[in-house]
$ cat structure.pdb   # PDB, C-alpha atoms, pLDDT in the B column
MODEL        1
ATOM      1  CA  MET R1296       0.000   0.000   0.000  1.00 52.00           C
ATOM      2  CA  ALA R1297       1.375   3.366  -0.975  1.00 55.00           C
ATOM      3  CA  THR R1298       1.801   6.074   1.595  1.00 61.00           C
ATOM      4  CA  PRO R1299      -0.692   8.887   1.018  1.00 59.00           C
ATOM      5  CA  THR R1300       0.896  12.184   0.113  1.00 60.00           C
ATOM      6  CA  GLN R1301       0.667  14.911   2.699  1.00 61.00           C
ATOM      7  CA  GLN R1302      -0.171  18.460   1.805  1.00 60.00           C
ATOM      8  CA  THR R1303       2.814  20.550   2.830  1.00 59.00           C
ATOM      9  CA  TYR R1304       1.620  23.980   1.812  1.00 63.00           C
ATOM     10  CA  ILE R1305      -1.507  25.590   3.156  1.00 69.00           C
ATOM     11  CA  PRO R1306      -1.981  29.197   2.038  1.00 71.00           C
ATOM     12  CA  SER R1307      -2.120  31.562   4.968  1.00 75.00           C
ATOM     13  CA  LYS R1308      -4.776  34.121   5.604  1.00 77.00           C
ATOM     14  CA  VAL R1309      -3.660  37.662   4.894  1.00 77.00           C
ATOM     15  CA  ILE R1310      -4.520  40.180   7.560  1.00 83.00           C
ATOM     16  CA  GLN R1311      -5.527  43.542   6.118  1.00 87.00           C
ATOM     17  CA  THR R1312      -3.182  46.177   7.518  1.00 89.00           C
ATOM     18  CA  GLU R1313      -2.381  49.792   6.813  1.00 93.00           C
ATOM     19  CA  TYR R1314       1.113  48.947   5.556  1.00 94.00           C
ATOM     20  CA  PRO R1315       2.261  46.189   3.151  1.00 93.00           C
ATOM     21  CA  LEU R1316       3.064  42.701   4.414  1.00 92.00           C
ATOM     22  CA  ILE R1317       6.758  41.835   4.165  1.00 94.00           C
ATOM     23  CA  ASP R1318       6.693  38.384   5.745  1.00 92.00           C
ATOM     24  CA  ASN R1319       4.096  36.660   7.930  1.00 92.00           C
ATOM     25  CA  ASP R1320       6.633  34.259   9.421  1.00 92.00           C
ATOM     26  CA  PRO R1321      10.073  35.899   9.431  1.00 94.00           C
ATOM     27  CA  HIS R1322      13.099  33.982  10.683  1.00 94.00           C
ATOM     28  CA  PHE R1323      14.405  35.019  14.109  1.00 96.00           C
ATOM     29  CA  LYS R1324      17.653  36.330  12.587  1.00 96.00           C
ATOM     30  CA  ARG R1325      15.780  38.565  10.138  1.00 95.00           C
ATOM     31  CA  VAL R1326      13.668  40.093  12.887  1.00 96.00           C
ATOM     32  CA  ILE R1327      16.771  40.898  14.945  1.00 97.00           C
ATOM     33  CA  GLY R1328      18.718  42.085  11.887  1.00 96.00           C
ATOM     34  CA  TYR R1329      15.980  44.448  10.695  1.00 96.00           C
ATOM     35  CA  ALA R1330      15.431  46.027  14.124  1.00 96.00           C
ATOM     36  CA  ARG R1331      15.688  49.789  14.322  1.00 96.00           C
ATOM     37  CA  THR R1332      17.607  51.816  16.874  1.00 97.00           C
ATOM     38  CA  SER R1333      14.272  52.871  18.367  1.00 96.00           C
ATOM     39  CA  ASP R1334      13.451  49.195  18.993  1.00 97.00           C
ATOM     40  CA  TYR R1335      16.668  48.796  20.962  1.00 97.00           C
ATOM     41  CA  VAL R1336      15.960  51.980  22.941  1.00 97.00           C
ATOM     42  CA  HIS R1337      12.425  50.850  23.799  1.00 97.00           C
ATOM     43  CA  GLY R1338      13.647  47.381  24.772  1.00 97.00           C
ATOM     44  CA  VAL R1339      16.401  48.681  27.027  1.00 97.00           C
ATOM     45  CA  THR R1340      14.020  51.190  28.604  1.00 97.00           C
ATOM     46  CA  ALA R1341      11.479  48.450  29.298  1.00 96.00           C
ATOM     47  CA  ALA R1342      14.201  46.190  30.711  1.00 97.00           C
ATOM     48  CA  ALA R1343      15.487  48.916  33.032  1.00 97.00           C
ATOM     49  CA  ALA R1344      12.029  49.988  34.193  1.00 96.00           C
ATOM     50  CA  GLY R1345      11.507  47.089  36.615  1.00 94.00           C
ATOM     51  CA  PRO R1346      14.778  47.355  38.538  1.00 95.00           C
ATOM     52  CA  GLY R1347      14.597  51.160  38.405  1.00 96.00           C
ATOM     53  CA  LEU R1348      11.105  51.263  39.873  1.00 95.00           C
ATOM     54  CA  LEU R1349      11.968  48.686  42.539  1.00 94.00           C
ATOM     55  CA  TYR R1350      15.035  50.691  43.560  1.00 93.00           C
ATOM     56  CA  THR R1351      12.988  53.912  43.674  1.00 95.00           C
ATOM     57  CA  MET R1352      10.283  52.287  45.800  1.00 94.00           C
ATOM     58  CA  GLU R1353      12.941  50.906  48.159  1.00 90.00           C
ATOM     59  CA  ARG R1354      14.376  54.420  48.650  1.00 91.00           C
ATOM     60  CA  PHE R1355      10.985  56.019  49.394  1.00 93.00           C
ATOM     61  CA  ALA R1356       9.430  53.164  51.383  1.00 91.00           C
ATOM     62  CA  PRO R1357      12.083  50.682  52.608  1.00 88.00           C
ATOM     63  CA  SER R1358      10.895  47.094  52.696  1.00 87.00           C
ATOM     64  CA  GLN R1359      13.012  46.099  55.716  1.00 85.00           C
ATOM     65  CA  VAL R1360      13.606  42.650  54.151  1.00 85.00           C
ATOM     66  CA  GLY R1361      16.792  42.042  56.039  1.00 78.00           C
ATOM     67  CA  ARG R1362      20.301  41.191  54.971  1.00 78.00           C
ATOM     68  CA  GLY R1363      20.592  40.273  51.271  1.00 84.00           C
ATOM     69  CA  GLY R1364      16.838  40.313  50.607  1.00 88.00           C
ATOM     70  CA  PHE R1365      16.852  43.434  48.501  1.00 90.00           C
ATOM     71  CA  ALA R1366      19.782  42.203  46.390  1.00 90.00           C
ATOM     72  CA  GLN R1367      17.895  39.018  45.544  1.00 93.00           C
ATOM     73  CA  ALA R1368      14.804  40.999  44.646  1.00 92.00           C
ATOM     74  CA  MET R1369      16.885  43.272  42.402  1.00 93.00           C
ATOM     75  CA  ARG R1370      18.450  40.297  40.632  1.00 95.00           C
ATOM     76  CA  LEU R1371      15.061  38.704  40.024  1.00 96.00           C
ATOM     77  CA  THR R1372      13.616  41.999  38.820  1.00 96.00           C
ATOM     78  CA  GLY R1373      16.618  42.459  36.537  1.00 96.00           C
ATOM     79  CA  VAL R1374      16.155  39.029  34.933  1.00 97.00           C
ATOM     80  CA  VAL R1375      12.413  39.505  34.488  1.00 97.00           C
ATOM     81  CA  GLY R1376      13.031  43.014  33.143  1.00 96.00           C
ATOM     82  CA  ALA R1377      15.647  41.772  30.654  1.00 97.00           C
ATOM     83  CA  ILE R1378      13.299  39.084  29.336  1.00 96.00           C
ATOM     84  CA  GLY R1379      10.423  41.558  29.102  1.00 96.00           C
ATOM     85  CA  GLY R1380      12.639  44.152  27.419  1.00 97.00           C
ATOM     86  CA  PHE R1381      13.788  41.620  24.820  1.00 97.00           C
ATOM     87  CA  LEU R1382      10.212  40.531  24.088  1.00 96.00           C
ATOM     88  CA  TYR R1383       9.113  44.160  23.699  1.00 96.00           C
ATOM     89  CA  PHE R1384      12.058  44.854  21.374  1.00 97.00           C
ATOM     90  CA  TYR R1385      11.245  41.743  19.310  1.00 96.00           C
ATOM     91  CA  GLN R1386       7.548  42.593  19.143  1.00 96.00           C
ATOM     92  CA  ARG R1387       8.198  46.108  17.842  1.00 96.00           C
ATOM     93  CA  SER R1388      10.479  44.754  15.116  1.00 96.00           C
ATOM     94  CA  ILE R1389       8.288  41.876  13.958  1.00 96.00           C
ATOM     95  CA  LEU R1390       5.121  43.971  13.751  1.00 95.00           C
ATOM     96  CA  ARG R1391       6.756  45.835  10.868  1.00 96.00           C
ATOM     97  CA  PHE R1392       7.127  42.544   8.973  1.00 95.00           C
ATOM     98  CA  TYR R1393       3.388  41.999   9.444  1.00 94.00           C
ATOM     99  CA  GLY R1394       2.643  45.503   8.134  1.00 93.00           C
ATOM    100  CA  MET R1395       1.122  46.620  11.415  1.00 94.00           C
ATOM    101  CA  SER R1396       3.359  49.646  11.773  1.00 94.00           C
ATOM    102  CA  GLU R1397       5.305  51.870   9.379  1.00 95.00           C
ATOM    103  CA  ASN R1398       7.760  49.673   7.461  1.00 94.00           C
ATOM    104  CA  ALA R1399       9.181  51.566   4.453  1.00 95.00           C
ATOM    105  CA  ARG R1400      12.776  50.991   5.617  1.00 96.00           C
ATOM    106  CA  GLU R1401      12.174  47.264   6.103  1.00 96.00           C
ATOM    107  CA  ILE R1402      10.525  46.910   2.666  1.00 95.00           C
ATOM    108  CA  GLU R1403      13.609  48.428   1.075  1.00 96.00           C
ATOM    109  CA  MET R1404      15.963  46.213   3.116  1.00 96.00           C
ATOM    110  CA  ASP R1405      13.895  43.125   2.266  1.00 95.00           C
ATOM    111  CA  MET R1406      13.975  43.916  -1.457  1.00 94.00           C
ATOM    112  CA  ARG R1407      17.753  44.463  -1.426  1.00 95.00           C
ATOM    113  CA  GLU R1408      18.383  41.256   0.547  1.00 94.00           C
ATOM    114  CA  MET R1409      16.138  39.055  -1.579  1.00 94.00           C
ATOM    115  CA  VAL R1410      17.279  40.490  -4.927  1.00 93.00           C
ATOM    116  CA  ALA R1411      20.897  39.874  -3.889  1.00 93.00           C
ATOM    117  CA  LYS R1412      19.980  36.253  -3.103  1.00 93.00           C
ATOM    118  CA  VAL R1413      18.255  35.864  -6.474  1.00 93.00           C
ATOM    119  CA  LYS R1414      21.313  37.251  -8.272  1.00 92.00           C
ATOM    120  CA  ALA R1415      23.585  34.902  -6.316  1.00 91.00           C
ATOM    121  CA  GLY R1416      21.342  31.923  -7.115  1.00 91.00           C
ATOM    122  CA  GLU R1417      20.649  31.227  -3.431  1.00 92.00           C
ATOM    123  CA  PRO R1418      17.299  30.120  -2.013  1.00 91.00           C
ATOM    124  CA  LEU R1419      15.354  33.173  -0.860  1.00 91.00           C
ATOM    125  CA  TYR R1420      14.654  31.988   2.660  1.00 91.00           C
ATOM    126  CA  GLY R1421      17.698  29.798   3.251  1.00 88.00           C
ATOM    127  CA  GLU R1422      18.195  26.067   3.101  1.00 91.00           C
ATOM    128  CA  SER R1423      16.520  23.669   5.475  1.00 90.00           C
ATOM    129  CA  LYS R1424      17.376  20.157   6.547  1.00 92.00           C
ATOM    130  CA  LEU R1425      13.711  19.444   7.287  1.00 91.00           C
ATOM    131  CA  THR R1426      11.385  17.646   4.896  1.00 90.00           C
ATOM    132  CA  PRO R1427       8.883  19.849   3.042  1.00 88.00           C
ATOM    133  CA  HIS R1428       6.122  18.454   5.244  1.00 87.00           C
ATOM    134  CA  MET R1429       7.938  19.388   8.465  1.00 90.00           C
ATOM    135  CA  GLN R1430       8.732  22.822   7.038  1.00 89.00           C
ATOM    136  CA  GLY R1431       4.996  23.271   6.491  1.00 88.00           C
ATOM    137  CA  VAL R1432       4.264  22.169  10.034  1.00 89.00           C
ATOM    138  CA  ALA R1433       6.826  24.621  11.388  1.00 90.00           C
ATOM    139  CA  ALA R1434       5.418  27.418   9.234  1.00 90.00           C
ATOM    140  CA  ARG R1435       1.870  26.805  10.428  1.00 89.00           C
ATOM    141  CA  GLN R1436       2.994  26.774  14.064  1.00 90.00           C
ATOM    142  CA  SER R1437       4.875  30.076  13.952  1.00 91.00           C
ATOM    143  CA  ARG R1438       2.908  32.124  11.391  1.00 91.00           C
ATOM    144  CA  TYR R1439       1.740  35.383  13.018  1.00 91.00           C
ATOM    145  CA  ALA R1440       2.917  33.940  16.351  1.00 91.00           C
ATOM    146  CA  ALA R1441       4.215  37.304  17.552  1.00 91.00           C
ATOM    147  CA  LEU R1442       0.638  38.501  17.941  1.00 91.00           C
ATOM    148  CA  PHE R1443       0.381  36.068  20.852  1.00 92.00           C
ATOM    149  CA  THR R1444       3.780  36.866  22.418  1.00 90.00           C
ATOM    150  CA  SER R1445       2.283  38.218  25.631  1.00 89.00           C
ATOM    151  CA  VAL R1446       0.870  34.751  26.335  1.00 92.00           C
ATOM    152  CA  LEU R1447       3.412  32.417  24.724  1.00 92.00           C
ATOM    153  CA  PRO R1448       6.619  33.690  23.113  1.00 93.00           C
ATOM    154  CA  TRP R1449       7.188  31.640  19.946  1.00 93.00           C
ATOM    155  CA  PHE R1450       9.940  32.306  17.427  1.00 94.00           C
ATOM    156  CA  ASN R1451      10.612  30.966  13.933  1.00 93.00           C
ATOM    157  CA  PHE R1452      13.999  29.226  13.743  1.00 94.00           C
ATOM    158  CA  VAL R1453      13.143  27.154  10.636  1.00 93.00           C
ATOM    159  CA  ASN R1454      14.021  28.060   7.055  1.00 91.00           C
ATOM    160  CA  HIS R1455      11.031  27.409   4.802  1.00 90.00           C
ATOM    161  CA  ASN R1456       9.393  29.000   1.780  1.00 87.00           C
ATOM    162  CA  GLN R1457       5.937  29.713   3.225  1.00 87.00           C
ATOM    163  CA  HIS R1458       5.918  33.416   4.058  1.00 88.00           C
ATOM    164  CA  GLY R1459       2.610  34.686   2.700  1.00 84.00           C
ATOM    165  CA  VAL R1460       4.081  36.924  -0.007  1.00 87.00           C
ATOM    166  CA  ASP R1461       4.465  36.612  -3.773  1.00 87.00           C
ATOM    167  CA  THR R1462       8.190  36.059  -4.301  1.00 88.00           C
ATOM    168  CA  ALA R1463       7.918  36.837  -8.020  1.00 91.00           C
ATOM    169  CA  LYS R1464       8.506  40.521  -7.192  1.00 92.00           C
ATOM    170  CA  TYR R1465      12.085  39.706  -6.156  1.00 92.00           C
ATOM    171  CA  TYR R1466      12.796  37.908  -9.422  1.00 90.00           C
ATOM    172  CA  ARG R1467      11.264  40.731 -11.491  1.00 92.00           C
ATOM    173  CA  GLN R1468      13.383  43.308  -9.657  1.00 92.00           C
ATOM    174  CA  ALA R1469      16.516  41.181 -10.118  1.00 91.00           C
ATOM    175  CA  GLU R1470      15.796  40.934 -13.858  1.00 92.00           C
ATOM    176  CA  LYS R1471      15.381  44.721 -14.070  1.00 91.00           C
ATOM    177  CA  GLU R1472      18.648  45.304 -12.254  1.00 90.00           C
ATOM    178  CA  LEU R1473      20.525  42.764 -14.386  1.00 90.00           C
ATOM    179  CA  GLU R1474      19.144  44.344 -17.563  1.00 90.00           C
ATOM    180  CA  ALA R1475      20.183  47.783 -16.318  1.00 89.00           C
ATOM    181  CA  GLU R1476      23.690  46.470 -15.566  1.00 87.00           C
ATOM    182  CA  ARG R1477      23.947  44.937 -19.048  1.00 87.00           C
ATOM    183  CA  ALA R1478      22.703  48.136 -20.710  1.00 86.00           C
ATOM    184  CA  GLY R1479      25.180  50.197 -18.693  1.00 78.00           C
ATOM    185  CA  GLN R1480      28.191  48.190 -19.920  1.00 69.00           C
TER     186      GLN R1480
ENDMDL
END
$ encode --input "structure.pdb" --output "structure tokens"
Amino acid sequence: MATPTQQTYIPSKVIQTEYPLIDNDPHFKRVIGYARTSDYVHGVTAAAAGPGLLYTMERFAPSQVGRGGFAQAMRLTGVVGAIGGFLYFYQRSILRFYGMSENAREIEMDMREMVAKVKAGEPLYGESKLTPHMQGVAARQSRYAALFTSVLPWFNFVNHNQHGVDTAKYYRQAEKELEAERAGQ
């Protein structure tokens, strides 16, 4: 008996947003790489807010926790603040991929990156060691996952080709650029 084929690609729903969709399931490295300075500033500010507020409260209304108690509380607050600051930083960056905030800079960076990959003959979204079926499973699990980050942080670490955008635009742009280079010679 033959093994039934499994559907590996299920088209994703496109959320209507004010700005264009770049990628509905960007790889973790792309999200970090496309982050703006303002994302870093907001993340660091959020990370420092917890320890800063705890220290301020301790100065105005001492907790009288005894020897070493405040240091432990500061360490815990620092760790929780650092995790929260990173998640806030990540959220701000990935929402631009989804088109939920202004993303003109990211659209330009995406076009340059993908056109360069087309010209180099590389796969657009990297190579994966997973089977196409498992790539589809991974894509379905992490697509638009950042919208649920406050409940369950979930990141995409898998290279796959299911990103909710028409990749033909990258090939058309690469053809235009190659034609322009040939005409300029």
$ closest_residue --input "structure.pdb" --among "R:Arg1435, R:Lys1471, R:Arg1391, R:Arg1354" --to "R:Asp1318" --atoms "all atoms listed in the file"
R:Arg1391
$ closest_residue --input "structure.pdb" --among "R:Ala1399, R:Val1339, R:Val1453, R:Ile1389" --to "R:Thr1426" --atoms "only C-alpha atoms"
R:Val1453
$ closest_atom_pairs --input "structure.pdb" --of "stretch 1319-1419 of chain R" --to "stretch 1438-1446 of chain R" --cutoff "10 Å" --atoms "only C-alpha atoms" --output "CSV"
residue,atom,partner,partner_atom,distance
R:Asn1319,CA,R:Tyr1439,CA,5.8
R:Asp1320,CA,R:Arg1438,CA,4.7
R:Pro1321,CA,R:Arg1438,CA,8.3
R:Gly1379,CA,R:Ser1445,CA,9.5
R:Leu1382,CA,R:Thr1444,CA,7.6
R:Tyr1383,CA,R:Thr1444,CA,9.1
R:Tyr1385,CA,R:Ala1441,CA,8.5
R:Gln1386,CA,R:Ala1441,CA,6.5
R:Arg1387,CA,R:Ala1441,CA,9.7
R:Ile1389,CA,R:Ala1441,CA,7.1
R:Leu1390,CA,R:Ala1441,CA,7.7
R:Phe1392,CA,R:Tyr1439,CA,9.8
R:Tyr1393,CA,R:Tyr1439,CA,7.7
$ write_last_selection --input "structure.pdb" --atoms "C-alpha atoms" --output "PDB file, in the frame of the given file"
ATOM      1  CA  ASN R1319       4.096  36.660   7.930  1.00 92.00           C
ATOM      2  CA  ASP R1320       6.633  34.259   9.421  1.00 92.00           C
ATOM      3  CA  PRO R1321      10.073  35.899   9.431  1.00 94.00           C
ATOM      4  CA  GLY R1379      10.423  41.558  29.102  1.00 96.00           C
ATOM      5  CA  LEU R1382      10.212  40.531  24.088  1.00 96.00           C
ATOM      6  CA  TYR R1383       9.113  44.160  23.699  1.00 96.00           C
ATOM      7  CA  TYR R1385      11.245  41.743  19.310  1.00 96.00           C
ATOM      8  CA  GLN R1386       7.548  42.593  19.143  1.00 96.00           C
ATOM      9  CA  ARG R1387       8.198  46.108  17.842  1.00 96.00           C
ATOM     10  CA  ILE R1389       8.288  41.876  13.958  1.00 96.00           C
ATOM     11  CA  LEU R1390       5.121  43.971  13.751  1.00 95.00           C
ATOM     12  CA  PHE R1392       7.127  42.544   8.973  1.00 95.00           C
ATOM     13  CA  TYR R1393       3.388  41.999   9.444  1.00 94.00           C
TER      14      TYR R1393
END
$ resolve_selection --input "structure.pdb" --expression "the PyMOL selection byres ((chain R and resi 1409-1415) around 8)" --output "list in words"
Asp1405, Met1406, Arg1407, Glu1408, Gly1416, Glu1417, Pro1418, Leu1419, Tyr1465, Tyr1466, Gln1468 and Ala1469 of chain R
$ closest_atom_pairs --input "structure.pdb" --of "stretch 1400-1439 of chain R" --to "stretch 1330-1336 of chain R" --cutoff "12 Å" --atoms "only C-alpha atoms" --output "Markdown table"
| residue | atom | partner | partner_atom | distance |
| --- | --- | --- | --- | --- |
| R:Arg1400 | CA | R:Arg1331 | CA | 9.3 |
| R:Glu1401 | CA | R:Ala1330 | CA | 8.7 |
| R:Met1404 | CA | R:Ala1330 | CA | 11.0 |
$ atom_distance --input "structure.pdb" --atom1 "atom CA of R:Ser1388" --atom2 "atom CA of R:Val1326"
6.1 Å
$ atom_distance --input "structure.pdb" --atom1 "atom CA of R:Pro1448" --atom2 "atom CA of R:Phe1384"
12.5 Å
$ resolve_selection --input "structure.pdb" --expression "the PyMOL selection byres ((chain R and resi 1363-1368) around 12)" --output "ChimeraX atom specification"
/R:1345-1350,1352-1354,1357-1362,1369-1376
$ resolve_selection --input "structure.pdb" --expression "the PyMOL selection byres ((chain R and resi 1460) around 7)" --output "VMD selection string"
chain R and resid 1317 to 1318 1458 to 1459 1461 to 1462
$ atom_distance --input "structure.pdb" --atom1 "atom CA of R:Phe1323" --atom2 "atom CA of R:Glu1472"
28.6 Å
$ decode --input "structure.pdb" --residues "stretch 1317-1328 of chain R" --atoms "all heavy atoms" --output "PDB file, in the first residue's frame"
ATOM      1  N   ILE R1317       5.429  42.230   4.640  1.00  0.00           N
ATOM      2  CA  ILE R1317       6.758  41.835   4.165  1.00  0.00           C
ATOM      3  C   ILE R1317       6.908  40.329   4.306  1.00  0.00           C
ATOM      4  O   ILE R1317       7.402  39.652   3.410  1.00  0.00           O
ATOM      5  CB  ILE R1317       7.870  42.548   4.960  1.00  0.00           C
ATOM      6  CG1 ILE R1317       7.760  44.053   4.788  1.00  0.00           C
ATOM      7  CG2 ILE R1317       9.240  42.050   4.551  1.00  0.00           C
ATOM      8  CD1 ILE R1317       8.689  44.840   5.685  1.00  0.00           C
ATOM      9  N   ASP R1318       6.482  39.796   5.441  1.00  0.00           N
ATOM     10  CA  ASP R1318       6.693  38.384   5.745  1.00  0.00           C
ATOM     11  C   ASP R1318       5.794  38.036   6.923  1.00  0.00           C
ATOM     12  O   ASP R1318       5.867  38.692   7.958  1.00  0.00           O
ATOM     13  CB  ASP R1318       8.166  38.169   6.101  1.00  0.00           C
ATOM     14  CG  ASP R1318       8.573  36.716   6.168  1.00  0.00           C
ATOM     15  OD1 ASP R1318       7.695  35.868   6.383  1.00  0.00           O
ATOM     16  OD2 ASP R1318       9.777  36.439   6.023  1.00  0.00           O
ATOM     17  N   ASN R1319       4.957  36.995   6.802  1.00  0.00           N
ATOM     18  CA  ASN R1319       4.096  36.660   7.930  1.00  0.00           C
ATOM     19  C   ASN R1319       4.715  35.621   8.857  1.00  0.00           C
ATOM     20  O   ASN R1319       4.103  35.242   9.848  1.00  0.00           O
ATOM     21  CB  ASN R1319       2.706  36.223   7.461  1.00  0.00           C
ATOM     22  CG  ASN R1319       2.702  34.921   6.709  1.00  0.00           C
ATOM     23  OD1 ASN R1319       3.700  34.208   6.630  1.00  0.00           O
ATOM     24  ND2 ASN R1319       1.564  34.606   6.126  1.00  0.00           N
ATOM     25  N   ASP R1320       5.924  35.197   8.552  1.00  0.00           N
ATOM     26  CA  ASP R1320       6.633  34.259   9.421  1.00  0.00           C
ATOM     27  C   ASP R1320       8.143  34.451   9.268  1.00  0.00           C
ATOM     28  O   ASP R1320       8.852  33.562   8.821  1.00  0.00           O
ATOM     29  CB  ASP R1320       6.244  32.823   9.068  1.00  0.00           C
ATOM     30  CG  ASP R1320       6.743  31.812  10.096  1.00  0.00           C
ATOM     31  OD1 ASP R1320       7.037  32.223  11.229  1.00  0.00           O
ATOM     32  OD2 ASP R1320       6.828  30.625   9.746  1.00  0.00           O
ATOM     33  N   PRO R1321       8.649  35.636   9.638  1.00  0.00           N
ATOM     34  CA  PRO R1321      10.073  35.899   9.431  1.00  0.00           C
ATOM     35  C   PRO R1321      10.956  35.072  10.375  1.00  0.00           C
ATOM     36  O   PRO R1321      10.572  34.785  11.508  1.00  0.00           O
ATOM     37  CB  PRO R1321      10.213  37.391   9.726  1.00  0.00           C
ATOM     38  CG  PRO R1321       9.088  37.688  10.647  1.00  0.00           C
ATOM     39  CD  PRO R1321       7.976  36.778  10.244  1.00  0.00           C
ATOM     40  N   HIS R1322      12.121  34.709   9.873  1.00  0.00           N
ATOM     41  CA  HIS R1322      13.099  33.982  10.683  1.00  0.00           C
ATOM     42  C   HIS R1322      13.595  34.885  11.807  1.00  0.00           C
ATOM     43  O   HIS R1322      13.674  36.106  11.667  1.00  0.00           O
ATOM     44  CB  HIS R1322      14.263  33.537   9.796  1.00  0.00           C
ATOM     45  CG  HIS R1322      15.150  32.515  10.431  1.00  0.00           C
ATOM     46  ND1 HIS R1322      16.146  32.852  11.320  1.00  0.00           N
ATOM     47  CD2 HIS R1322      15.182  31.165  10.316  1.00  0.00           C
ATOM     48  CE1 HIS R1322      16.763  31.754  11.720  1.00  0.00           C
ATOM     49  NE2 HIS R1322      16.195  30.710  11.123  1.00  0.00           N
ATOM     50  N   PHE R1323      13.925  34.293  12.926  1.00  0.00           N
ATOM     51  CA  PHE R1323      14.405  35.019  14.109  1.00  0.00           C
ATOM     52  C   PHE R1323      15.546  35.971  13.753  1.00  0.00           C
ATOM     53  O   PHE R1323      15.566  37.129  14.171  1.00  0.00           O
ATOM     54  CB  PHE R1323      14.859  34.000  15.162  1.00  0.00           C
ATOM     55  CG  PHE R1323      15.328  34.605  16.449  1.00  0.00           C
ATOM     56  CD1 PHE R1323      14.422  34.983  17.419  1.00  0.00           C
ATOM     57  CD2 PHE R1323      16.676  34.780  16.690  1.00  0.00           C
ATOM     58  CE1 PHE R1323      14.853  35.538  18.613  1.00  0.00           C
ATOM     59  CE2 PHE R1323      17.114  35.333  17.876  1.00  0.00           C
ATOM     60  CZ  PHE R1323      16.201  35.710  18.841  1.00  0.00           C
ATOM     61  N   LYS R1324      16.492  35.495  12.945  1.00  0.00           N
ATOM     62  CA  LYS R1324      17.653  36.330  12.587  1.00  0.00           C
ATOM     63  C   LYS R1324      17.248  37.554  11.777  1.00  0.00           C
ATOM     64  O   LYS R1324      17.835  38.617  11.923  1.00  0.00           O
ATOM     65  CB  LYS R1324      18.669  35.507  11.785  1.00  0.00           C
ATOM     66  CG  LYS R1324      19.381  34.461  12.599  1.00  0.00           C
ATOM     67  CD  LYS R1324      20.352  33.682  11.729  1.00  0.00           C
ATOM     68  CE  LYS R1324      21.016  32.571  12.504  1.00  0.00           C
ATOM     69  NZ  LYS R1324      21.894  31.771  11.661  1.00  0.00           N
ATOM     70  N   ARG R1325      16.241  37.405  10.922  1.00  0.00           N
ATOM     71  CA  ARG R1325      15.780  38.565  10.138  1.00  0.00           C
ATOM     72  C   ARG R1325      15.127  39.601  11.032  1.00  0.00           C
ATOM     73  O   ARG R1325      15.312  40.801  10.843  1.00  0.00           O
ATOM     74  CB  ARG R1325      14.784  38.125   9.055  1.00  0.00           C
ATOM     75  CG  ARG R1325      15.434  37.397   7.906  1.00  0.00           C
ATOM     76  CD  ARG R1325      14.446  37.150   6.796  1.00  0.00           C
ATOM     77  NE  ARG R1325      14.294  38.370   6.006  1.00  0.00           N
ATOM     78  CZ  ARG R1325      13.273  38.615   5.214  1.00  0.00           C
ATOM     79  NH1 ARG R1325      12.273  37.765   5.119  1.00  0.00           N
ATOM     80  NH2 ARG R1325      13.211  39.717   4.521  1.00  0.00           N
ATOM     81  N   VAL R1326      14.340  39.153  11.984  1.00  0.00           N
ATOM     82  CA  VAL R1326      13.668  40.093  12.887  1.00  0.00           C
ATOM     83  C   VAL R1326      14.704  40.894  13.668  1.00  0.00           C
ATOM     84  O   VAL R1326      14.611  42.121  13.776  1.00  0.00           O
ATOM     85  CB  VAL R1326      12.714  39.358  13.851  1.00  0.00           C
ATOM     86  CG1 VAL R1326      12.105  40.322  14.849  1.00  0.00           C
ATOM     87  CG2 VAL R1326      11.623  38.634  13.076  1.00  0.00           C
ATOM     88  N   ILE R1327      15.722  40.220  14.182  1.00  0.00           N
ATOM     89  CA  ILE R1327      16.771  40.898  14.945  1.00  0.00           C
ATOM     90  C   ILE R1327      17.583  41.803  14.008  1.00  0.00           C
ATOM     91  O   ILE R1327      17.897  42.938  14.348  1.00  0.00           O
ATOM     92  CB  ILE R1327      17.697  39.875  15.633  1.00  0.00           C
ATOM     93  CG1 ILE R1327      16.905  38.968  16.579  1.00  0.00           C
ATOM     94  CG2 ILE R1327      18.835  40.563  16.363  1.00  0.00           C
ATOM     95  CD1 ILE R1327      16.190  39.659  17.706  1.00  0.00           C
ATOM     96  N   GLY R1328      17.902  41.323  12.826  1.00  0.00           N
ATOM     97  CA  GLY R1328      18.718  42.085  11.887  1.00  0.00           C
ATOM     98  C   GLY R1328      18.031  43.326  11.336  1.00  0.00           C
ATOM     99  O   GLY R1328      18.697  44.298  10.992  1.00  0.00           O
TER     100      GLY R1328
END
